[in-house]
Each structure stands twice: as structure tokens, then as C-alpha cells.
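Here's the structure we're looking at; comments come further down.
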Amino acid sequence: MCGIVGYVGQKQSLPIALDALRRMEYRGYDSAGIAVAGSNGIVSAKRAGKLANLEDKIAEIGADTLGGTTGIGHTRWATHGRPTDENAHPHLSYDGKVAIVHNGIIENFAPLRDELVSAGIELASETDSEVAAHLVARAYNEGETAGDFRASALGVLRRLEGAFTLLFIHADHPDQIIAARRSTPLMIGVGEGEMFLGSDVAAFIEHTKQAIELGQDSVVIITKDDYEILNFDGTASEGTPFTIDWDLEAAEKGGFDSFMMKEIYEQPAAVRDTLVGHFSAGRVTLDENNLGEAELAAFDQVFVIACGSAYHSGLAAKYAIEHWVRIPVQIEVASEFRYRDPVLDERTLVLAISQSGETADTLEAVRHAKGQGAKVLAVCNTNGSQIPRESDAVLYTHAGPEIGVASTKAFLAQVAANYIVGLALAQAKGTLSPAEVAEIWAELEAVPEKISETLGTRDQLKQISETLGAVTTMLFLGRGVGYPIALEGALKLKELAYIHAEGFPAGELKHGPIALIEDDLPVVVVVPSPRGLSQLHSKIVSNIQEIRARGAKTLVIAEEGDTAVEPFANWLVRIPATRPLMQPLLATVPLQFLSADIARQCGNDDIDKPRNLAKSVTVE
Ligand code: M6R
């Protein structure tokens with residue numbers, strides 16, 4: 001949710017931390033702040049709003065005041081306490097000697113705050129985080145751990161409940177940072193004569209490719225030359241070293257005016273890279289995965305759990321898996337899953353889909369599913385993140401870093417990965433013959449080229465959005481696998497343009513939503529292939545006529561050669577013909593363009609960071 005950076009080295013920490021925050025701003029941008037440990041003790045600066053506000057503040061007070069080679073930084077997505085200057089991180093202890101930054105939630109902060117208040121300590125913010133700074137200062141100033149920064153921090157960490165990544169610096173120990181993680185991410189970056197900490201590798205990718213992933217409940221102490229990993233009880237522990245294969249450029253905009261636009265254009269590669277290595281000698285393989293064929297064959301139901309766009313990718317998977325594998329697939333918004341007692345057992349495969357691998361709702365659903373004896377297969381874009389770590393198996397999407405808060409390339413890569421799982425299941429259970437699997441695979445492999453063709457709709461969508469006029473609401477209709485596309489199109493418009501939008505199965509319209517139709521209301525209709533279930537195509541053509549008869553203006557997405565829809569479209573966007581189940585991989589693309597264009601017309605130029613949202617939602 002929040003982005004955290006820590007630096008200990010020989011250079012000034014301020015510019016390094018600011019650069020890191022810039023690259024991690026997608027994790028949250030309600031406020032930002034920095035604290036440096038130097039010859040003047042702890043000095044900090046923080047501001048509500050985007051990073052630019054913090055930079056203004058630093059310019060005001062002078063960058064020199066924040067001199068020092070040890071520093072921590074934070075970019076916040078607010079949970080406890082409004083996005084104000086006071087609630088921004090870092091938080092300082094009552095004696096000004098400890099500064100902390102925090103990602104997550106300290107669930108027992110209320111009794112801890114009461115304890116501090118009883119001891120006469122005044123809290124300066126409404127956050128749950130601030131208590132950690134005061135507690136460490138108290139532990140350092142009095143009692144058994146007095147004068148011992150490490151023992152003070154460890155003692156406090158053992159008292160905290162909830163999910164947290166915490167970084168502490170102390171004025172008396174300006175050569176080190178003590179950090180800890182429980183259920184939220186933290187990586188170490190290992191440089192030469194410098195060490196980094198980050199919520200993700202974007203924090204230090206510019207400086208080093210050598211990173212260390214930390215296990216659950218780890219504490220790490222970094223100095224410029226070394227790092228030490230401990231358990232919360234102070235015993236020695238280890239992390240997992242890895243080399244980062246994303247380069248800095250992959251995390252930059254590459255000539256596009258927004259990360260989101262760049263990421264839309266990366267979709268052919270995202271799908272192609274996700275498919276690579278999963279079909280050889282006529283068989284679909286899940287090689288990164290530890291579920292064997294026999295295990296796959298034994299599953300008699302699938303549960304899909306995910307949120308937002310990942311959920312929509314899972315809904316597309318439901319259509320594909322039920323069709324190919326002939327076992328029931330249930331899909332559940334992850335935040336609802338564990339609260340309604342779903343019926344699972346060891347013959348249930350739970351597909352947990354998450355770009356970030358950090359989404360708290362999905363993570364908790366994974367834990368619940370495992371507790372019920374189900375096997376969990378994660379589909380994830382982020383190596384080393386929590387959801388794959390806690391799952392029985394993982395299939396990574398290879399979309400690369402997705403910075404835009406609105407998911408685009410990760411969504412398409414998820415659809416492709418889900419289909420790999422569907423084909424592997426069908427192959428293991430023998431519900432598709434090897435020839436059928438090979439035929440579907442060939443169509444999947446043809447998809448990246450077709451996505452590239454679909455990117456050619458860019459100018460058309462720009463023109464359409466200009467002629468739409470002022471839009472205050474928009475409906476999206478689909479049938480079959482077009483329904484998840486409609487939901488995804490509506491979600492994109494909501495989050496980017498802040499316009500009311502809803503996706504419906506087109507057949508459901510006459511059961512209520514048709515009452516919303518009025519003159520000139522724009523309605524997007526995703527038309528199923530006329531080569532699929534024939535009645536589906538003709539039924540949606542009837543639905544289009546029903547809404548046009550009531551004054552709606554239709555923006556129709558239909559495959560090349562589908563002439564039946566022509567008389568009923570105010571705007572007709574063509575996508576390449578493909579197998580009906582592959583349609584989400586193509587028809588979603590023009591809807592991404594549409595949302596971005598309408599957003600800009602509505603005055604939201606920063607489509608990478610829509611209001612109120614964060615890229616990774618690490619609180620329930
Ligand atoms: O990282 P995840 O895939 O678990 O994230 C799930 C949703 O929060 C995410 O897809 C969200 O809905 C996006 N903003 C959609 O564009």
C-alpha cells in the first residue's frame with residue numbers, strides 16, 4: 001500500500017530516497033516524507049499530497065538541512081488518519097531521536113497509544129504508526145533495554161500485532177537502519193559500500209541488481225557494508241538472494257506520456273512472455289509450478305479468488321475452464337470469500353489471481369482456503385511477493401512492472417495465464433484431446449500479434465471519445481466471455497475518468513437496468529463472435545436494437561467480418577477474429593483507450609494515479 005525506502009551508504013541519502021519515492025509513488029500518493037540521520041540528529045520533512053509537495057517543502061527549508069548518509073522515506077496510502085501533513089510519515093518519537101516509516105496496520109495500536117498517553121506522551125498524529133516511534137524511544141531511554149537500539153526495536157516489534165513493514169533510525173546510531181516485516185513486503189538491495197531497503201525493487205533498481213527477499217517475521221539491520229537478518233526473537237535468520245531482471249528503463253515511461261499508455265502498448269509482449277515455455281512436445285507445462293499431472297487430474301472443482309481486474313480475468317477463466325475441463329468453477333471476490341464459509345476440500349483447486357501478490361483480501365482468502373485443505377495455485381506478476389509465497393504453487397505472469405494504478409497489461413497476462421491453467425487441467429483430466437489442446441494453444445500464440453493489430457484502434461477511440469460529448473454515465477454490455485470484458489471496461493472508466501459506469505450481462509438488461517436508458521446515453525456493447533454459439537450473437541444483436549429503440553447511442557466492439565451489427569452501431573470498432581474464448585485478450589484493448597481518452601477530456605491528466613486509489617491494496 002505505502003512505499004518505503006531506506007538507505008545507508010557514503011552518498012547523501014536525500015536524493016536517493018527522493019528518486020526511490022518517485023518510482024514507488026504508484027503504491028500510494030496521499031503524502032510523502034523523508035527523515036535523515038546526520039550530525040544534527042534526526043531531521044525530517046513531510047507533506048500531504050503528491051511527492052511534488054514534499055519537494056516544494058524541501059526547497060523551502062533547503063536540502064542542506066536534510067544532509068546525512070542514512071535516510072528513510074515513505075509515500076503513503078492512508079489507512080488510519082486522513083492524508084494530512086501531521087499524518088504523513090516519518091513519525092518522530094517524543095524525544096525527537098527515533099524516526100519511523102510504516103506500511104500496513106498496527107492492529108493493537110489503541111492499547112499501545114493509551115499506554116503512551118498514560119505515561120504522559122502526546123501523540124502528534126491520528127495514525128496507528130506513530131506509537132512505534134514512541135515505544136522504541138521509551139525502550140531505549142529506560143528499563144532493561146536502555147541504550148540498546150537493537151534490543152529496544154526487537155522488544156517493541158514483539159509487542160506489535162497486525163501487518164507491518166517498519167523502518168527505524170536513531171539519532172545515536174546514525175550508521176544503521178533497523179527494519180522488520182510481517183505480511184507486508186520488504187527487500188534488501190545490496191550495493192558496494194551502500195545498502196538499501198525497499199517495499200519493492202523499484203526503490204533501488206537504479207543502484208543495484210542484487211537483492212534479498214526476506215521471509216515472514218524478519219528483522220534486518222543494515223549498515224553501509226553489511227546486513228544482518230534476525231527473527232523477532234533475535235536469533236539469526238536468512239533471506240533469499242536474487243538478481244533483479246527488470247531494468248530501470250522497464251520502470252520508466254519509455255517515451256509515452258503515461259505509464260498506463262506505455263503498458264497498454266506492452267500488452268502483446270506481456271501475453272507472449274507469459275505463454276513462453278509452457279508448451280513443448282505437444283503438451284502444456286506448468287514448469288514453475290509444483291502441482292503434478294496426477295494432482296491436477298484429481299481436482300473436482302475450482303474456486304477463483306481475486307479482486308478488481310484480477311477478478312475479471314478470473315471470470316473469463318470460469319468460462320474457459322468449465323468449457324474445457326467440465327468441472328464447476330466458482331468465482332468469488334476475495335474480500336467476501338472467507339466470510340461466507342465456502343465449501344472446499346482437498347479436491348478443490350483455488351486459483352488466487354493477483355498482479356501485486358500483496359492484495360490483503362486475496363492473501364487472507366488464500367490462507368482461509370489452505371486452512372480448509374484446498375490446494376492454492378497463485379497467478380501472480382510479482383516475484384517473491386506474499387501470495388505466491390503462501391500458495392502451494394505459482395504460475396507467474398511475465399507482464400513486467402505495472403506502474404499505472406489501472407491494470408492493463410497485467411490483466412491480459414492474467415487471462416493468458418489462467419488459460420494455461422485451464423489447458424493444463426483439461427490435458428491432465430483428458431477432457432481435451434492432445435490435438436484440441438494444440439489447436440487452442442496455436443490460437444493463444446497467435447493472440448499477441450492480434451493484440452498488436454488491436455492497438456491500431458488508438459486514433460479511432462480518440463475520435464470517438466471526442467464526439468461523445470460530456471459523458472456522465474456509461475453502460476457496458478457483454479454476453480458469455482464478453483461479460484467480464486464489459487465489467488473490466490466499466491471499471492477502467494470509473495477509476496480513470498471518475499464517471500459512473502456499469503457492466504451488465506446484456507440479457508440481464510431487461511430485468512431492470514434498461515430503465516436507465518435514455519436519449520444519447522452511450523452504451524458499449526461487446527459483441528460475441530458470430531462464429532461462436534450462434535444464438536448468443538443474434539441475441540446481442542436484438543439487445544442492441546432494444547437499447548437503440550430507447551435512445552441509446554451504441555459503441556459496438558465486433559470482430560472483423562461481422563456485418564450483422566453494422567446497421568445498429570453509432571460507432572463500430574473492429575477487432576481481429578479469434579476463437580470466441582480469446583475475445584477478452586483483444587476486446588479489452590479499445591476499452592482501455594476509451595477510458596484513458598475520456599479521463600483526459602474530463603480533466604484527469606494523471607491517469608497513472610487516479611484519486612483515492614493505490615496500486616497494491618495491502619489492507620482489508
Ligand atoms: O494486485 P492485484 O491484482 O491483487 O490487485 C487487484 C485489484 O486491486 C486491481 O486489479 C485493481 O482493481 C486495479 N486498480 C484495476 O485497474
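Residue numbers start at 1 in each chain; chains themselves are named A, B, ... in the order of the C-alpha cells; ligands are numbered from 1 in the order shown.
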Quiz prompt | Residue contacts of Thr472 in chain A (9 Å, only C-alpha atoms) excluding same-chain residues fewer than 5 positions away, as a PyMOL selection string | solution = chain A and resi 499-501+521
Exercise. Check every protein, DNA and RNA residue against ligand 1, keep those with an atom at most 6 Å away (counting only C-alpha atoms and all ligand atoms), and present them as a list in words.
Key: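 My answer, listing the contacting residues, is Cys307, Gly308, Ser309, Ala310, Ser354, Gln355, Ser356, Gly357, Thr359, Val405, Ala406, Ser407, Ser616 and Val617 of chain A.
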Quiz item: Which residue, A:Gln216, A:Ser118, A:Ser452, A:Thr165, has the smallest gap to Val101 in chain A when you use only C-alpha atoms?
Solution: A:Thr165
Self-check item: Nearest to Ala17 in chain A by atom-to-atom distance, counting only C-alpha atoms, from A:Asp30, A:Asp562, A:Glu364, A:Glu206
Solution: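 Distance minimum relative to Ala17 in chain A lands on A:Glu206.
Atom to atom, CA of Leu197 in chain A and CA of Val156 in chain A stand 20.1 Å apart.
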Running DSSP on the backbone, which parts of range 186-253 of chain A land in strand (DSSP E), as a PDB file with N, CA and C atoms, in the first residue's frame?
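out-v6.pdb written:
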ATOM      1  N   MET A 187      12.358  -5.626   0.836  1.00  0.00           N
ATOM      2  CA  MET A 187      13.507  -6.233   0.155  1.00  0.00           C
ATOM      3  C   MET A 187      14.773  -5.488   0.578  1.00  0.00           C
ATOM      4  N   ILE A 188      15.884  -6.213   0.576  1.00  0.00           N
ATOM      5  CA  ILE A 188      17.189  -5.554   0.792  1.00  0.00           C
ATOM      6  C   ILE A 188      17.858  -5.417  -0.569  1.00  0.00           C
ATOM      7  N   GLY A 189      18.455  -4.278  -0.844  1.00  0.00           N
ATOM      8  CA  GLY A 189      19.291  -4.103  -2.029  1.00  0.00           C
ATOM      9  C   GLY A 189      20.739  -4.032  -1.567  1.00  0.00           C
ATOM     10  N   VAL A 190      21.572  -4.881  -2.152  1.00  0.00           N
ATOM     11  CA  VAL A 190      22.964  -4.969  -1.685  1.00  0.00           C
ATOM     12  C   VAL A 190      23.875  -4.251  -2.676  1.00  0.00           C
ATOM     13  N   MET A 195      23.819   0.064   1.307  1.00  0.00           N
ATOM     14  CA  MET A 195      22.736  -0.918   1.424  1.00  0.00           C
ATOM     15  C   MET A 195      21.407  -0.174   1.320  1.00  0.00           C
ATOM     16  N   PHE A 196      20.423  -0.881   0.769  1.00  0.00           N
ATOM     17  CA  PHE A 196      19.111  -0.276   0.547  1.00  0.00           C
ATOM     18  C   PHE A 196      18.024  -1.162   1.151  1.00  0.00           C
ATOM     19  N   LEU A 197      16.925  -0.538   1.472  1.00  0.00           N
ATOM     20  CA  LEU A 197      15.712  -1.279   1.830  1.00  0.00           C
ATOM     21  C   LEU A 197      14.597  -0.705   0.970  1.00  0.00           C
ATOM     22  N   GLY A 198      13.669  -1.552   0.556  1.00  0.00           N
ATOM     23  CA  GLY A 198      12.570  -1.038  -0.261  1.00  0.00           C
ATOM     24  C   GLY A 198      11.365  -1.931  -0.188  1.00  0.00           C
ATOM     25  N   GLN A 210      21.378  -6.611  -7.138  1.00  0.00           N
ATOM     26  CA  GLN A 210      21.471  -7.707  -6.163  1.00  0.00           C
ATOM     27  C   GLN A 210      20.502  -7.437  -5.010  1.00  0.00           C
ATOM     28  N   ALA A 211      19.578  -8.366  -4.838  1.00  0.00           N
ATOM     29  CA  ALA A 211      18.545  -8.129  -3.829  1.00  0.00           C
ATOM     30  C   ALA A 211      18.376  -9.357  -2.950  1.00  0.00           C
ATOM     31  N   ILE A 212      17.755  -9.138  -1.808  1.00  0.00           N
ATOM     32  CA  ILE A 212      17.473 -10.248  -0.887  1.00  0.00           C
ATOM     33  C   ILE A 212      16.024 -10.147  -0.445  1.00  0.00           C
ATOM     34  N   GLU A 213      15.348 -11.253  -0.639  1.00  0.00           N
ATOM     35  CA  GLU A 213      13.958 -11.329  -0.245  1.00  0.00           C
ATOM     36  C   GLU A 213      13.922 -11.795   1.209  1.00  0.00           C
ATOM     37  N   SER A 218      10.648 -11.178   9.681  1.00  0.00           N
ATOM     38  CA  SER A 218      12.106 -10.976   9.679  1.00  0.00           C
ATOM     39  C   SER A 218      12.445  -9.566  10.151  1.00  0.00           C
ATOM     40  N   VAL A 219      13.591  -9.474  10.781  1.00  0.00           N
ATOM     41  CA  VAL A 219      14.149  -8.177  11.163  1.00  0.00           C
ATOM     42  C   VAL A 219      15.468  -8.067  10.414  1.00  0.00           C
ATOM     43  N   VAL A 220      15.783  -6.868   9.921  1.00  0.00           N
ATOM     44  CA  VAL A 220      17.072  -6.706   9.251  1.00  0.00           C
ATOM     45  C   VAL A 220      17.728  -5.430   9.757  1.00  0.00           C
ATOM     46  N   ILE A 221      19.037  -5.531   9.949  1.00  0.00           N
ATOM     47  CA  ILE A 221      19.803  -4.352  10.363  1.00  0.00           C
ATOM     48  C   ILE A 221      20.807  -4.083   9.250  1.00  0.00           C
ATOM     49  N   ILE A 222      20.724  -2.900   8.654  1.00  0.00           N
ATOM     50  CA  ILE A 222      21.702  -2.604   7.600  1.00  0.00           C
ATOM     51  C   ILE A 222      22.649  -1.491   8.044  1.00  0.00           C
ATOM     52  N   TYR A 227      24.661  -6.420   6.152  1.00  0.00           N
ATOM     53  CA  TYR A 227      23.288  -6.568   6.625  1.00  0.00           C
ATOM     54  C   TYR A 227      23.238  -7.800   7.527  1.00  0.00           C
ATOM     55  N   GLU A 228      22.306  -7.778   8.448  1.00  0.00           N
ATOM     56  CA  GLU A 228      22.146  -8.915   9.363  1.00  0.00           C
ATOM     57  C   GLU A 228      20.649  -9.208   9.447  1.00  0.00           C
ATOM     58  N   ILE A 229      20.286 -10.458   9.270  1.00  0.00           N
ATOM     59  CA  ILE A 229      18.856 -10.800   9.293  1.00  0.00           C
ATOM     60  C   ILE A 229      18.570 -11.614  10.553  1.00  0.00           C
ATOM     61  N   LEU A 230      17.510 -11.240  11.234  1.00  0.00           N
ATOM     62  CA  LEU A 230      17.162 -11.885  12.511  1.00  0.00           C
ATOM     63  C   LEU A 230      15.695 -12.288  12.505  1.00  0.00           C
ATOM     64  N   ASN A 231      15.352 -13.185  13.387  1.00  0.00           N
ATOM     65  CA  ASN A 231      13.944 -13.430  13.698  1.00  0.00           C
ATOM     66  C   ASN A 231      13.507 -12.419  14.756  1.00  0.00           C
ATOM     67  N   THR A 240      16.552 -14.739   1.007  1.00  0.00           N
ATOM     68  CA  THR A 240      16.830 -15.437  -0.246  1.00  0.00           C
ATOM     69  C   THR A 240      17.382 -14.440  -1.262  1.00  0.00           C
ATOM     70  N   PRO A 241      18.677 -14.581  -1.614  1.00  0.00           N
ATOM     71  CA  PRO A 241      19.251 -13.637  -2.581  1.00  0.00           C
ATOM     72  C   PRO A 241      18.706 -13.891  -3.990  1.00  0.00           C
ATOM     73  N   PHE A 242      18.524 -12.845  -4.754  1.00  0.00           N
ATOM     74  CA  PHE A 242      18.159 -12.998  -6.162  1.00  0.00           C
ATOM     75  C   PHE A 242      18.685 -11.801  -6.957  1.00  0.00           C
ATOM     76  N   THR A 243      18.780 -12.021  -8.269  1.00  0.00           N
ATOM     77  CA  THR A 243      19.229 -10.936  -9.141  1.00  0.00           C
ATOM     78  C   THR A 243      18.009 -10.365  -9.838  1.00  0.00           C
TER      79      THR A 243
END
Quiz item: CA of Leu461 in chain A and CA of Ala506 in chain A, how far apart in Å?
Solution: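 Value for the CA of Ala506 in chain A-CA of Leu461 in chain A distance: 22.2 Å.
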Exercise. For Pro513 in chain A, work out the shell of residues within 10 Å, counting only C-alpha atoms and skipping chain neighbours fewer than 5 positions away, then give it as an NGL selection string.
Key: :A and (475 or 502 or 504 or 506 or 508)
